[in-house]
$ cat protein.txt   # compact mmCIF, N, CA and C atoms
# COMPACT_ATOMS: atom_id res chain seq x y z
N MET A 1 106.04 92.49 239.31
CA MET A 1 105.01 92.27 238.38
C MET A 1 104.98 93.34 237.30
N SER A 2 105.43 94.48 237.63
CA SER A 2 105.43 95.52 236.62
C SER A 2 106.41 95.18 235.52
N ALA A 3 107.48 94.41 235.82
CA ALA A 3 108.41 94.00 234.78
C ALA A 3 107.74 93.02 233.86
N LEU A 4 106.89 92.15 234.39
CA LEU A 4 106.19 91.18 233.56
C LEU A 4 105.17 91.87 232.66
N LEU A 5 104.52 92.87 233.17
CA LEU A 5 103.53 93.58 232.38
C LEU A 5 104.20 94.44 231.32
N SER A 6 105.31 94.93 231.64
CA SER A 6 105.97 95.82 230.71
C SER A 6 106.58 95.06 229.56
N ALA A 7 107.03 93.82 229.79
CA ALA A 7 107.63 93.05 228.70
C ALA A 7 106.62 92.81 227.58
N PRO A 8 105.40 92.34 227.86
CA PRO A 8 104.44 92.17 226.77
C PRO A 8 104.05 93.51 226.15
N VAL A 9 103.99 94.54 226.90
CA VAL A 9 103.65 95.85 226.35
C VAL A 9 104.78 96.31 225.43
N VAL A 10 106.01 96.11 225.87
CA VAL A 10 107.16 96.50 225.06
C VAL A 10 107.19 95.66 223.80
N ARG A 11 106.96 94.35 223.95
CA ARG A 11 106.96 93.46 222.79
C ARG A 11 105.84 93.86 221.83
N ARG A 12 104.68 94.17 222.36
CA ARG A 12 103.57 94.58 221.50
C ARG A 12 103.87 95.91 220.83
N ALA A 13 104.47 96.78 221.54
CA ALA A 13 104.85 98.08 220.98
C ALA A 13 105.89 97.87 219.88
N GLN A 14 106.87 96.98 220.17
CA GLN A 14 107.91 96.67 219.19
C GLN A 14 107.29 96.06 217.93
N GLU A 15 106.35 95.14 218.11
CA GLU A 15 105.67 94.51 216.97
C GLU A 15 104.89 95.56 216.19
N HIS A 16 104.26 96.45 216.91
CA HIS A 16 103.48 97.51 216.25
C HIS A 16 104.42 98.43 215.46
N ILE A 17 105.56 98.76 216.04
CA ILE A 17 106.55 99.60 215.37
C ILE A 17 107.08 98.87 214.12
N ASP A 18 107.38 97.58 214.22
CA ASP A 18 107.85 96.79 213.08
C ASP A 18 106.78 96.77 211.97
N LEU A 19 105.55 96.56 212.36
CA LEU A 19 104.46 96.54 211.36
C LEU A 19 104.32 97.91 210.71
N GLU A 20 104.42 98.93 211.52
CA GLU A 20 104.31 100.30 210.99
C GLU A 20 105.46 100.60 210.02
N ARG A 21 106.68 100.18 210.40
CA ARG A 21 107.85 100.38 209.55
C ARG A 21 107.68 99.61 208.24
N LYS A 22 107.25 98.35 208.30
CA LYS A 22 107.03 97.55 207.10
C LYS A 22 105.93 98.16 206.23
N SER A 23 104.90 98.67 206.88
CA SER A 23 103.80 99.30 206.16
C SER A 23 104.28 100.54 205.43
N ARG A 24 105.12 101.34 206.12
CA ARG A 24 105.67 102.54 205.48
C ARG A 24 106.58 102.17 204.31
N ILE A 25 107.39 101.14 204.48
CA ILE A 25 108.28 100.69 203.40
C ILE A 25 107.45 100.24 202.20
N LYS A 26 106.38 99.48 202.47
CA LYS A 26 105.51 99.03 201.38
C LYS A 26 104.83 100.22 200.70
N LYS A 27 104.44 101.20 201.52
CA LYS A 27 103.80 102.39 200.95
C LYS A 27 104.78 103.15 200.08
N VAL A 28 106.03 103.32 200.54
CA VAL A 28 107.04 104.01 199.75
C VAL A 28 107.31 103.24 198.46
N LEU A 29 107.43 101.91 198.56
CA LEU A 29 107.65 101.10 197.36
C LEU A 29 106.46 101.22 196.40
N ALA A 30 105.25 101.16 196.94
CA ALA A 30 104.05 101.28 196.11
C ALA A 30 103.99 102.66 195.46
N ASP A 31 104.33 103.71 196.24
CA ASP A 31 104.36 105.07 195.68
C ASP A 31 105.38 105.17 194.56
N ASN A 32 106.57 104.58 194.78
CA ASN A 32 107.61 104.61 193.74
C ASN A 32 107.15 103.90 192.47
N VAL A 33 106.55 102.73 192.64
CA VAL A 33 106.05 101.98 191.49
C VAL A 33 104.96 102.78 190.78
N ALA A 34 104.05 103.38 191.56
CA ALA A 34 102.96 104.17 190.97
C ALA A 34 103.52 105.38 190.23
N HIS A 35 104.50 106.07 190.81
CA HIS A 35 105.10 107.23 190.16
C HIS A 35 105.83 106.83 188.87
N GLU A 36 106.53 105.70 188.91
CA GLU A 36 107.21 105.21 187.70
C GLU A 36 106.20 104.88 186.60
N GLU A 37 105.10 104.25 186.99
CA GLU A 37 104.07 103.90 186.00
C GLU A 37 103.42 105.17 185.45
N ILE A 38 103.18 106.14 186.31
CA ILE A 38 102.61 107.41 185.84
C ILE A 38 103.56 108.09 184.87
N ARG A 39 104.86 108.12 185.22
CA ARG A 39 105.85 108.73 184.35
C ARG A 39 105.92 107.99 183.01
N ARG A 40 105.87 106.66 183.05
CA ARG A 40 105.91 105.86 181.83
C ARG A 40 104.68 106.16 180.96
N LEU A 41 103.51 106.23 181.58
CA LEU A 41 102.29 106.53 180.83
C LEU A 41 102.31 107.94 180.26
N GLN A 42 102.85 108.89 181.01
CA GLN A 42 102.95 110.27 180.51
C GLN A 42 103.89 110.32 179.30
N ASN A 43 105.02 109.61 179.38
CA ASN A 43 105.94 109.55 178.25
C ASN A 43 105.28 108.90 177.04
N GLN A 44 104.53 107.83 177.32
CA GLN A 44 103.85 107.14 176.23
C GLN A 44 102.79 108.06 175.60
N ASN A 45 102.07 108.79 176.42
CA ASN A 45 101.07 109.73 175.90
C ASN A 45 101.73 110.82 175.06
N ALA A 46 102.86 111.33 175.54
CA ALA A 46 103.58 112.36 174.78
C ALA A 46 104.04 111.80 173.44
N PHE A 47 104.54 110.57 173.45
CA PHE A 47 104.96 109.92 172.21
C PHE A 47 103.78 109.76 171.25
N LEU A 48 102.64 109.32 171.79
CA LEU A 48 101.46 109.14 170.94
C LEU A 48 100.96 110.47 170.38
N VAL A 49 101.04 111.53 171.16
CA VAL A 49 100.63 112.85 170.68
C VAL A 49 101.55 113.28 169.54
N ARG A 50 102.88 113.10 169.71
CA ARG A 50 103.83 113.44 168.64
C ARG A 50 103.56 112.60 167.39
N LEU A 51 103.30 111.30 167.61
CA LEU A 51 103.01 110.41 166.48
C LEU A 51 101.76 110.88 165.74
N LEU A 52 100.73 111.24 166.48
CA LEU A 52 99.50 111.73 165.88
C LEU A 52 99.74 113.03 165.11
N GLN A 53 100.52 113.93 165.69
CA GLN A 53 100.84 115.19 165.01
C GLN A 53 101.61 114.92 163.72
N ASN A 54 102.57 114.00 163.77
CA ASN A 54 103.34 113.66 162.57
C ASN A 54 102.43 113.07 161.50
N GLU A 55 101.53 112.18 161.91
CA GLU A 55 100.61 111.57 160.95
C GLU A 55 99.67 112.61 160.35
N LYS A 56 99.23 113.58 161.17
CA LYS A 56 98.38 114.64 160.64
C LYS A 56 99.14 115.47 159.62
N ALA A 57 100.41 115.76 159.93
CA ALA A 57 101.23 116.54 159.00
C ALA A 57 101.44 115.76 157.70
N LYS A 58 101.71 114.46 157.82
CA LYS A 58 101.88 113.63 156.62
C LYS A 58 100.59 113.59 155.81
N SER A 59 99.47 113.46 156.50
CA SER A 59 98.17 113.43 155.80
C SER A 59 97.92 114.75 155.10
N GLU A 60 98.28 115.85 155.75
CA GLU A 60 98.09 117.17 155.15
C GLU A 60 98.91 117.28 153.87
N LEU A 61 100.16 116.80 153.92
CA LEU A 61 101.00 116.83 152.72
C LEU A 61 100.49 115.86 151.67
N ALA A 62 100.02 114.71 152.11
CA ALA A 62 99.60 113.67 151.17
C ALA A 62 98.27 113.98 150.50
N LYS A 63 97.47 114.85 151.09
CA LYS A 63 96.15 115.12 150.49
C LYS A 63 96.29 115.78 149.13
N ASP A 64 97.38 116.50 148.91
CA ASP A 64 97.59 117.14 147.61
C ASP A 64 98.19 116.19 146.59
N GLU A 65 98.73 115.08 147.04
CA GLU A 65 99.42 114.14 146.14
C GLU A 65 98.50 113.58 145.05
N PRO A 66 97.27 113.15 145.36
CA PRO A 66 96.41 112.63 144.28
C PRO A 66 96.14 113.68 143.19
N SER A 67 95.86 114.92 143.61
CA SER A 67 95.59 115.94 142.60
C SER A 67 96.86 116.25 141.80
N LYS A 68 98.03 116.22 142.46
CA LYS A 68 99.28 116.43 141.73
C LYS A 68 99.48 115.33 140.71
N ARG A 69 99.17 114.10 141.08
CA ARG A 69 99.31 112.98 140.14
C ARG A 69 98.34 113.13 138.98
N ILE A 70 97.12 113.56 139.27
CA ILE A 70 96.12 113.74 138.22
C ILE A 70 96.59 114.83 137.26
N PHE A 71 97.05 115.97 137.81
CA PHE A 71 97.52 117.06 136.95
C PHE A 71 98.74 116.64 136.15
N ARG A 72 99.63 115.86 136.78
CA ARG A 72 100.82 115.38 136.06
C ARG A 72 100.39 114.47 134.91
N SER A 73 99.44 113.56 135.19
CA SER A 73 98.95 112.66 134.14
C SER A 73 98.23 113.44 133.05
N LEU A 74 97.45 114.43 133.46
CA LEU A 74 96.74 115.25 132.49
C LEU A 74 97.75 116.02 131.62
N GLY A 75 98.79 116.54 132.26
CA GLY A 75 99.84 117.25 131.51
C GLY A 75 100.52 116.33 130.52
N GLU A 76 100.83 115.11 130.95
CA GLU A 76 101.45 114.14 130.04
C GLU A 76 100.52 113.83 128.87
N PHE A 77 99.23 113.65 129.18
CA PHE A 77 98.25 113.36 128.13
C PHE A 77 98.19 114.50 127.13
N VAL A 78 98.11 115.74 127.63
CA VAL A 78 98.03 116.91 126.74
C VAL A 78 99.30 117.01 125.90
N ASN A 79 100.46 116.77 126.51
CA ASN A 79 101.71 116.81 125.75
C ASN A 79 101.73 115.76 124.65
N GLU A 80 101.27 114.56 124.97
CA GLU A 80 101.22 113.49 123.96
C GLU A 80 100.28 113.88 122.82
N ARG A 81 99.13 114.47 123.17
CA ARG A 81 98.17 114.89 122.14
C ARG A 81 98.78 116.00 121.29
N ASP A 82 99.47 116.95 121.93
CA ASP A 82 100.12 118.03 121.18
C ASP A 82 101.16 117.46 120.22
N GLN A 83 101.95 116.53 120.70
CA GLN A 83 102.98 115.94 119.84
C GLN A 83 102.35 115.19 118.67
N ALA A 84 101.25 114.48 118.95
CA ALA A 84 100.55 113.76 117.88
C ALA A 84 100.02 114.75 116.85
N CYS A 85 99.47 115.86 117.32
CA CYS A 85 98.95 116.88 116.39
C CYS A 85 100.09 117.49 115.59
N VAL A 86 101.20 117.76 116.26
CA VAL A 86 102.36 118.33 115.56
C VAL A 86 102.83 117.36 114.48
N ARG A 87 102.86 116.06 114.81
CA ARG A 87 103.28 115.07 113.80
C ARG A 87 102.32 115.07 112.61
N ARG A 88 101.02 115.11 112.90
CA ARG A 88 100.03 115.11 111.82
C ARG A 88 100.14 116.37 110.97
N VAL A 89 100.23 117.51 111.63
CA VAL A 89 100.34 118.78 110.90
C VAL A 89 101.65 118.80 110.11
N SER A 90 102.72 118.28 110.72
CA SER A 90 104.01 118.22 110.03
C SER A 90 103.89 117.36 108.78
N HIS A 91 103.21 116.23 108.91
CA HIS A 91 103.01 115.35 107.75
C HIS A 91 102.21 116.08 106.67
N ALA A 92 101.15 116.77 107.09
CA ALA A 92 100.33 117.51 106.12
C ALA A 92 101.15 118.63 105.49
N THR A 93 101.98 119.31 106.29
CA THR A 93 102.81 120.40 105.77
C THR A 93 103.81 119.86 104.76
N GLU A 94 104.42 118.73 105.06
CA GLU A 94 105.36 118.11 104.12
C GLU A 94 104.65 117.76 102.82
N SER A 95 103.43 117.22 102.96
CA SER A 95 102.66 116.86 101.78
C SER A 95 102.32 118.11 100.97
N ASN A 96 101.95 119.20 101.66
CA ASN A 96 101.66 120.46 100.97
C ASN A 96 102.90 121.00 100.29
N ASP A 97 104.05 120.90 100.96
CA ASP A 97 105.31 121.36 100.37
C ASP A 97 105.62 120.57 99.10
N GLN A 98 105.40 119.26 99.15
CA GLN A 98 105.62 118.43 97.96
C GLN A 98 104.67 118.85 96.85
N GLY A 99 103.41 119.15 97.22
CA GLY A 99 102.42 119.61 96.24
C GLY A 99 102.83 120.93 95.63
N ASP A 100 103.35 121.85 96.50
CA ASP A 100 103.83 123.15 95.99
C ASP A 100 104.96 122.95 94.99
N GLU A 101 105.90 122.06 95.34
CA GLU A 101 107.02 121.80 94.44
C GLU A 101 106.53 121.21 93.11
N ALA A 102 105.56 120.29 93.21
CA ALA A 102 105.02 119.68 91.98
C ALA A 102 104.32 120.74 91.13
N MET A 103 103.57 121.63 91.78
CA MET A 103 102.88 122.69 91.04
C MET A 103 103.88 123.67 90.43
N ALA A 104 104.96 123.95 91.16
CA ALA A 104 105.98 124.86 90.61
C ALA A 104 106.62 124.22 89.38
N ARG A 105 106.92 122.91 89.43
CA ARG A 105 107.48 122.22 88.26
C ARG A 105 106.47 122.23 87.10
N PHE A 106 105.20 121.96 87.44
CA PHE A 106 104.16 121.96 86.41
C PHE A 106 104.06 123.34 85.77
N GLN A 107 104.08 124.39 86.63
CA GLN A 107 103.98 125.75 86.11
C GLN A 107 105.15 126.05 85.18
N GLU A 108 106.34 125.64 85.60
CA GLU A 108 107.54 125.86 84.78
C GLU A 108 107.40 125.14 83.44
N GLU A 109 106.99 123.88 83.50
CA GLU A 109 106.82 123.10 82.28
C GLU A 109 105.74 123.72 81.40
N HIS A 110 104.65 124.18 82.06
CA HIS A 110 103.54 124.78 81.30
C HIS A 110 103.99 126.08 80.63
N VAL A 111 104.76 126.89 81.38
CA VAL A 111 105.27 128.15 80.81
C VAL A 111 106.13 127.83 79.59
N HIS A 112 107.02 126.83 79.69
CA HIS A 112 107.86 126.44 78.55
C HIS A 112 107.00 125.94 77.39
N TYR A 113 105.97 125.18 77.72
CA TYR A 113 105.08 124.66 76.68
C TYR A 113 104.37 125.80 75.97
N VAL A 114 103.80 126.74 76.80
CA VAL A 114 103.06 127.87 76.22
C VAL A 114 104.01 128.74 75.40
N GLU A 115 105.21 128.98 75.90
CA GLU A 115 106.19 129.78 75.16
C GLU A 115 106.51 129.10 73.82
N GLY A 116 106.65 127.79 73.86
CA GLY A 116 106.90 127.05 72.61
C GLY A 116 105.75 127.19 71.64
N VAL A 117 104.51 127.11 72.17
CA VAL A 117 103.33 127.25 71.31
C VAL A 117 103.29 128.65 70.73
N VAL A 118 103.55 129.66 71.58
CA VAL A 118 103.53 131.05 71.13
C VAL A 118 104.62 131.26 70.07
N THR A 119 105.79 130.73 70.32
CA THR A 119 106.89 130.88 69.37
C THR A 119 106.53 130.21 68.05
N ARG A 120 105.98 129.03 68.06
CA ARG A 120 105.58 128.36 66.82
C ARG A 120 104.44 129.14 66.15
N GLY A 121 103.53 129.67 66.98
CA GLY A 121 102.42 130.45 66.40
C GLY A 121 102.91 131.70 65.71
N GLN A 122 103.92 132.35 66.30
CA GLN A 122 104.46 133.54 65.69
C GLN A 122 105.21 133.15 64.40
N GLY A 123 105.82 132.00 64.42
CA GLY A 123 106.52 131.53 63.21
C GLY A 123 105.53 131.29 62.08
N VAL A 124 104.39 130.80 62.40
CA VAL A 124 103.37 130.51 61.41
C VAL A 124 102.83 131.83 60.87
N VAL A 125 102.60 132.79 61.73
CA VAL A 125 102.05 134.10 61.34
C VAL A 125 103.06 134.82 60.47
N HIS A 126 104.31 134.75 60.67
CA HIS A 126 105.34 135.49 59.95
C HIS A 126 105.70 134.78 58.64
N GLN A 127 105.25 133.69 58.41
CA GLN A 127 105.64 133.01 57.18
C GLN A 127 104.88 133.46 56.05

$ encode --input "protein.txt" --output "C-alpha cells"
Amino acid sequence: MSALLSAPVVRRAQEHIDLERKSRIKKVLADNVAHEEIRRLQNQNAFLVRLLQNEKAKSELAKDEPSKRIFRSLGEFVNERDQACVRRVSHATESNDQGDEAMARFQEEHVHYVEGVVTRGQGVVHQ
C-alpha cells in the first residue's frame, strides 16, 4: 500500500515541480520583457532629452534672428536713403557747377564789355 500512496504523492510532487518550473520560466520571460521595455523607455527618454536640448539651443540661436533681420532691413533702408540724398546733393552740386560756369562766362563777357566801354570812353576823352 505504501507504493500506491507514494505514486500519487510522487505524481503530485512532479506536477508541483512542473508548475513551479513553468512559473519560473514565465517569470524569467516576464522579467526579460519588462527589462527590455524599461531599456527601450530609457533610450526613448534619453532621445527626447537630447531633442529638447537641441530645440532649446536652436531657439536660443533663433531668438536673435528677428532682431538681426530688423537691423539688416534698417541698414538697407538707411543705405537707400543715403544714396538718395547723395543723388540729390550730386544733382544740386552739378546744377551749382553749371551756375558757376555760367557766372564765370558772364563775368568774362562783362569784363570785356566794361573794358570796351572804358576804351571807348578814353577815346572820347582824348579826342

$ atom_distance --input "protein.txt" --atom1 "atom N of His91 in chain A" --atom2 "CA of Ser73 in chain A"
25.8 Å

$ atom_distance --input "protein.txt" --atom1 "CA of Lys26 in chain A" --atom2 "CA of Ile38 in chain A"
17.9 Å

$ atom_distance --input "protein.txt" --atom1 "CA of Gly123 in chain A" --atom2 "CA of Glu108 in chain A"
22.3 Å

$ decode --input "protein.txt" --residues "range 65-124 of chain A" --atoms "C-alpha atoms" --output "PDB file, in the first residue's frame"
ATOM      1  CA  GLU A  65      17.342  86.219 -35.834  1.00  0.00           C
ATOM      2  CA  PRO A  66      14.337  88.624 -35.834  1.00  0.00           C
ATOM      3  CA  SER A  67      16.428  91.476 -34.436  1.00  0.00           C
ATOM      4  CA  LYS A  68      19.200  90.690 -36.935  1.00  0.00           C
ATOM      5  CA  ARG A  69      16.643  90.865 -39.741  1.00  0.00           C
ATOM      6  CA  ILE A  70      15.278  94.149 -38.413  1.00  0.00           C
ATOM      7  CA  PHE A  71      18.769  95.655 -38.160  1.00  0.00           C
ATOM      8  CA  ARG A  72      19.639  94.354 -41.629  1.00  0.00           C
ATOM      9  CA  SER A  73      16.434  95.895 -43.035  1.00  0.00           C
ATOM     10  CA  LEU A  74      17.093  99.117 -41.157  1.00  0.00           C
ATOM     11  CA  GLY A  75      20.644  99.182 -42.524  1.00  0.00           C
ATOM     12  CA  GLU A  76      19.357  98.654 -46.058  1.00  0.00           C
ATOM     13  CA  PHE A  77      16.797 101.430 -45.561  1.00  0.00           C
ATOM     14  CA  VAL A  78      19.443 103.843 -44.244  1.00  0.00           C
ATOM     15  CA  ASN A  79      21.771 102.972 -47.139  1.00  0.00           C
ATOM     16  CA  GLU A  80      18.985 103.594 -49.655  1.00  0.00           C
ATOM     17  CA  ARG A  81      18.192 106.932 -48.003  1.00  0.00           C
ATOM     18  CA  ASP A  82      21.887 107.881 -48.019  1.00  0.00           C
ATOM     19  CA  GLN A  83      22.169 107.013 -51.696  1.00  0.00           C
ATOM     20  CA  ALA A  84      19.036 109.020 -52.482  1.00  0.00           C
ATOM     21  CA  CYS A  85      20.472 112.006 -50.595  1.00  0.00           C
ATOM     22  CA  VAL A  86      23.802 111.632 -52.379  1.00  0.00           C
ATOM     23  CA  ARG A  87      21.971 111.609 -55.725  1.00  0.00           C
ATOM     24  CA  ARG A  88      20.008 114.730 -54.785  1.00  0.00           C
ATOM     25  CA  VAL A  89      23.066 116.553 -53.473  1.00  0.00           C
ATOM     26  CA  SER A  90      25.021 115.440 -56.540  1.00  0.00           C
ATOM     27  CA  HIS A  91      22.278 116.839 -58.772  1.00  0.00           C
ATOM     28  CA  ALA A  92      22.300 120.108 -56.821  1.00  0.00           C
ATOM     29  CA  THR A  93      26.114 120.229 -56.974  1.00  0.00           C
ATOM     30  CA  GLU A  94      26.068 119.691 -60.734  1.00  0.00           C
ATOM     31  CA  SER A  95      23.482 122.448 -61.047  1.00  0.00           C
ATOM     32  CA  ASN A  96      25.640 124.749 -58.892  1.00  0.00           C
ATOM     33  CA  ASP A  97      28.696 123.892 -61.003  1.00  0.00           C
ATOM     34  CA  GLN A  98      26.757 124.786 -64.145  1.00  0.00           C
ATOM     35  CA  GLY A  99      25.687 128.049 -62.473  1.00  0.00           C
ATOM     36  CA  ASP A 100      29.314 128.781 -61.534  1.00  0.00           C
ATOM     37  CA  GLU A 101      30.389 128.183 -65.126  1.00  0.00           C
ATOM     38  CA  ALA A 102      27.595 130.428 -66.417  1.00  0.00           C
ATOM     39  CA  MET A 103      28.582 133.166 -63.949  1.00  0.00           C
ATOM     40  CA  ALA A 104      32.246 132.828 -64.926  1.00  0.00           C
ATOM     41  CA  ARG A 105      31.280 133.240 -68.619  1.00  0.00           C
ATOM     42  CA  PHE A 106      29.046 136.185 -67.726  1.00  0.00           C
ATOM     43  CA  GLN A 107      31.852 137.760 -65.692  1.00  0.00           C
ATOM     44  CA  GLU A 108      34.271 137.294 -68.589  1.00  0.00           C
ATOM     45  CA  GLU A 109      31.805 138.791 -71.050  1.00  0.00           C
ATOM     46  CA  HIS A 110      31.041 141.628 -68.635  1.00  0.00           C
ATOM     47  CA  VAL A 111      34.756 142.362 -68.125  1.00  0.00           C
ATOM     48  CA  HIS A 112      35.202 142.507 -71.935  1.00  0.00           C
ATOM     49  CA  TYR A 113      32.142 144.731 -72.235  1.00  0.00           C
ATOM     50  CA  VAL A 114      33.332 147.075 -69.464  1.00  0.00           C
ATOM     51  CA  GLU A 115      36.844 147.169 -70.942  1.00  0.00           C
ATOM     52  CA  GLY A 116      35.320 148.070 -74.314  1.00  0.00           C
ATOM     53  CA  VAL A 117      33.245 150.820 -72.703  1.00  0.00           C
ATOM     54  CA  VAL A 118      36.304 152.131 -70.837  1.00  0.00           C
ATOM     55  CA  THR A 119      38.396 152.018 -74.003  1.00  0.00           C
ATOM     56  CA  ARG A 120      35.745 153.893 -75.990  1.00  0.00           C
ATOM     57  CA  GLY A 121      35.338 156.357 -73.107  1.00  0.00           C
ATOM     58  CA  GLN A 122      39.051 157.041 -73.076  1.00  0.00           C
ATOM     59  CA  GLY A 123      38.937 157.507 -76.837  1.00  0.00           C
ATOM     60  CA  VAL A 124      36.216 160.093 -76.448  1.00  0.00           C
TER      61      VAL A 124
END
